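Accompanying notes for the structure given below.
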Amino acid sequence: MMTLLSSVERVAGLLTLFMMLLPKLAHAEGDFCATGFIMDQYCIDEERMIDNGRLTLVEPEEHSIHCLVDVGRCVESPFEILAEPKNADGEYTRVAELDEDGKEKAIMLARSVGSCSTCTGDGDQRKGFRATVKGTLDPTTTLAEVPRVLVTEVLPDTVPCPDAPTVAPGTTSAPTAASDANKLSQVVSVSLAFMLVGAFVQSL
């Protein structure tokens, strides 16, 4: 019985240590670069864009820059970057949430290229704002459904991610650190479970 308890304690200790280190492991490979549509969380949560009533994650190209940066409920909510659907009939994927600095950078870029009430440049783009976002994944959110990015740059979508091929509008290159961390967590959890079962069998 003491052998079993000792084994359980060791496995529990290993699991605790792993869960503490996992965000750091994910962050170590968490360099982020993605190109895609920038969308406010208000329209995402509402499921339909308030400027045209269309489904937010189905037709983000129809989202107006006016809605994104002029409308209070939208511009005051967090911004996210969306990835291309995996199939023709699917929804766009919520890749990551921009931190506050990244959001401000996205607003500045949108206002410089767009046509809206608060736009500052000579741009004439009215909808479908896209950008290339660079930064690192926030290590405290790598296991979240929508991880946060600590943004360093928000660039026009014509600027490709490093080492990535030039892609046509509507496509997205996205990081894999968060998904890799989830897979690693599952593998290690299963391995620890087998260790616990083995310890129990040996104690019989």
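The way I read the labels, and the way they are meant: chains A, B, ... in the order of the structure tokens, residue 1 as the first residue of every chain, and ligand 1 as the first ligand shown, with later ones counted on from there.
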Leaving out Arg130 of chain A and any residue of its chain fewer than 2 positions from it, which residues lie within 12 Å of it when counting only C-alpha atoms, given as JSON, numbers by chain? {"A": [34, 35, 36, 37, 38, 39, 60, 61, 62, 63, 64, 65, 68, 79, 80, 81, 82, 83, 84, 106, 107, 109, 110, 113, 114, 125, 126, 127, 128, 132, 133, 154, 155, 156, 157, 158, 159, 168, 169, 170, 171, 172]}
Could you save those same residues with N, CA and C atoms as a short mmCIF file (atom, residue, chain, number, x, y, z; two decimals), in the first residue's frame?
data_model
loop_
_atom_site.label_atom_id
_atom_site.label_comp_id
_atom_site.auth_asym_id
_atom_site.auth_seq_id
_atom_site.Cartn_x
_atom_site.Cartn_y
_atom_site.Cartn_z
N ALA A 34 0.84 35.88 -38.47
CA ALA A 34 -0.34 35.43 -39.21
C ALA A 34 -0.88 36.57 -40.05
N THR A 35 -1.44 36.22 -41.18
CA THR A 35 -2.09 37.19 -42.05
C THR A 35 -3.55 36.79 -42.19
N GLY A 36 -4.44 37.72 -41.92
CA GLY A 36 -5.86 37.39 -42.01
C GLY A 36 -6.74 38.59 -41.72
N PHE A 37 -8.04 38.35 -41.69
CA PHE A 37 -9.00 39.41 -41.40
C PHE A 37 -8.93 39.79 -39.92
N ILE A 38 -9.02 41.09 -39.65
CA ILE A 38 -9.08 41.58 -38.28
C ILE A 38 -10.55 41.82 -37.94
N MET A 39 -11.00 41.23 -36.83
CA MET A 39 -12.41 41.31 -36.45
C MET A 39 -12.54 41.67 -34.98
N PRO A 60 -16.29 37.48 -43.27
CA PRO A 60 -15.57 38.61 -42.66
C PRO A 60 -15.11 39.64 -43.69
N GLU A 61 -15.03 39.22 -44.95
CA GLU A 61 -14.63 40.16 -46.00
C GLU A 61 -15.67 41.26 -46.21
N GLU A 62 -16.89 41.05 -45.68
CA GLU A 62 -17.95 42.05 -45.81
C GLU A 62 -18.01 43.00 -44.62
N HIS A 63 -17.15 42.80 -43.65
CA HIS A 63 -17.14 43.65 -42.45
C HIS A 63 -16.54 45.01 -42.78
N SER A 64 -17.28 46.06 -42.53
CA SER A 64 -16.81 47.40 -42.91
C SER A 64 -15.76 47.93 -41.94
N ILE A 65 -14.84 48.70 -42.48
CA ILE A 65 -13.85 49.36 -41.63
C ILE A 65 -14.55 50.36 -40.71
N LEU A 68 -15.59 48.49 -37.72
CA LEU A 68 -14.44 48.07 -36.92
C LEU A 68 -13.86 49.20 -36.07
N PHE A 79 -9.79 42.89 -30.34
CA PHE A 79 -9.70 42.50 -31.74
C PHE A 79 -9.08 41.12 -31.85
N GLU A 80 -9.48 40.38 -32.89
CA GLU A 80 -8.91 39.07 -33.17
C GLU A 80 -8.50 38.99 -34.63
N ILE A 81 -7.63 38.02 -34.93
CA ILE A 81 -7.27 37.73 -36.31
C ILE A 81 -7.87 36.38 -36.67
N LEU A 82 -8.45 36.31 -37.86
CA LEU A 82 -9.17 35.11 -38.29
C LEU A 82 -8.39 34.36 -39.36
N ALA A 83 -8.47 33.03 -39.29
CA ALA A 83 -7.81 32.18 -40.28
C ALA A 83 -8.84 31.63 -41.26
N GLU A 84 -8.36 31.34 -42.44
CA GLU A 84 -9.20 30.80 -43.51
C GLU A 84 -9.89 29.50 -43.07
N ALA A 106 -3.51 48.01 -35.02
CA ALA A 106 -4.46 47.59 -36.05
C ALA A 106 -5.42 48.73 -36.39
N ILE A 107 -5.88 49.45 -35.37
CA ILE A 107 -6.78 50.58 -35.59
C ILE A 107 -6.09 51.66 -36.42
N LEU A 109 -3.61 51.31 -38.53
CA LEU A 109 -3.42 50.86 -39.91
C LEU A 109 -4.75 50.89 -40.66
N ALA A 110 -5.81 50.43 -40.02
CA ALA A 110 -7.13 50.42 -40.67
C ALA A 110 -7.56 51.84 -41.03
N VAL A 113 -5.71 53.22 -44.17
CA VAL A 113 -6.01 52.67 -45.50
C VAL A 113 -7.49 52.71 -45.83
N GLY A 114 -8.31 52.99 -44.82
CA GLY A 114 -9.75 52.88 -45.02
C GLY A 114 -10.46 54.19 -45.30
N GLN A 125 -10.48 51.99 -48.98
CA GLN A 125 -10.98 50.66 -48.64
C GLN A 125 -12.14 50.80 -47.66
N ARG A 126 -13.24 50.15 -47.96
CA ARG A 126 -14.43 50.27 -47.12
C ARG A 126 -14.72 49.02 -46.28
N LYS A 127 -14.22 47.88 -46.69
CA LYS A 127 -14.54 46.65 -45.96
C LYS A 127 -13.44 45.62 -46.13
N GLY A 128 -13.53 44.55 -45.31
CA GLY A 128 -12.58 43.45 -45.43
C GLY A 128 -11.16 43.80 -45.05
N THR A 132 -1.12 41.69 -41.50
CA THR A 132 -0.15 40.70 -41.03
C THR A 132 0.25 41.10 -39.61
N VAL A 133 0.05 40.19 -38.68
CA VAL A 133 0.32 40.46 -37.27
C VAL A 133 1.52 39.63 -36.82
N VAL A 154 1.96 45.34 -36.65
CA VAL A 154 0.77 45.10 -37.47
C VAL A 154 1.04 45.76 -38.81
N LEU A 155 1.14 44.95 -39.85
CA LEU A 155 1.57 45.41 -41.16
C LEU A 155 0.49 45.16 -42.21
N PRO A 156 0.58 45.81 -43.35
CA PRO A 156 -0.38 45.51 -44.43
C PRO A 156 -0.34 44.03 -44.79
N ASP A 157 -1.45 43.51 -45.26
CA ASP A 157 -1.52 42.08 -45.54
C ASP A 157 -0.66 41.68 -46.74
N THR A 158 -0.12 42.66 -47.45
CA THR A 158 0.78 42.35 -48.56
C THR A 158 2.17 41.96 -48.06
N VAL A 159 2.43 42.21 -46.78
CA VAL A 159 3.71 41.82 -46.18
C VAL A 159 3.58 40.38 -45.68
N ALA A 168 -2.45 34.35 -51.56
CA ALA A 168 -3.50 35.20 -52.11
C ALA A 168 -4.39 35.71 -50.99
N PRO A 169 -5.08 36.85 -51.20
CA PRO A 169 -6.02 37.35 -50.20
C PRO A 169 -7.04 36.28 -49.83
N GLY A 170 -7.33 36.20 -48.53
CA GLY A 170 -8.28 35.20 -48.07
C GLY A 170 -7.61 34.00 -47.46
N THR A 171 -6.27 33.90 -47.61
CA THR A 171 -5.56 32.80 -46.98
C THR A 171 -4.83 33.31 -45.76
N THR A 172 -4.48 32.40 -44.87
CA THR A 172 -3.87 32.79 -43.61
C THR A 172 -2.78 31.83 -43.22
#
Restricting to only C-alpha atoms, whichever of A:Lys86, A:Arg94, A:Lys105, A:His66 is closest to Met49 of chain A is A:His66
Could you tell me, as a ChimeraX atom specification, which residues of segment 78-144 of chain A DSSP assigns to helix (DSSP H, G or I) when given the backbone? /A:100-113
Those same residues, written as a PDB file, in the first residue's frame with C-alpha atoms?
ATOM      1  CA  GLU A 100      -4.067  46.290 -26.377  1.00  0.00           C
ATOM      2  CA  ASP A 101      -0.936  47.561 -28.100  1.00  0.00           C
ATOM      3  CA  GLY A 102      -1.629  45.346 -31.090  1.00  0.00           C
ATOM      4  CA  LYS A 103      -5.227  46.490 -31.213  1.00  0.00           C
ATOM      5  CA  GLU A 104      -4.136  50.138 -31.321  1.00  0.00           C
ATOM      6  CA  LYS A 105      -1.679  49.334 -34.108  1.00  0.00           C
ATOM      7  CA  ALA A 106      -4.458  47.595 -36.053  1.00  0.00           C
ATOM      8  CA  ILE A 107      -6.783  50.577 -35.591  1.00  0.00           C
ATOM      9  CA  MET A 108      -4.093  52.975 -36.823  1.00  0.00           C
ATOM     10  CA  LEU A 109      -3.424  50.857 -39.909  1.00  0.00           C
ATOM     11  CA  ALA A 110      -7.127  50.423 -40.670  1.00  0.00           C
ATOM     12  CA  ARG A 111      -7.724  54.167 -40.386  1.00  0.00           C
ATOM     13  CA  SER A 112      -4.771  54.897 -42.657  1.00  0.00           C
ATOM     14  CA  VAL A 113      -6.007  52.665 -45.496  1.00  0.00           C
TER      15      VAL A 113
END
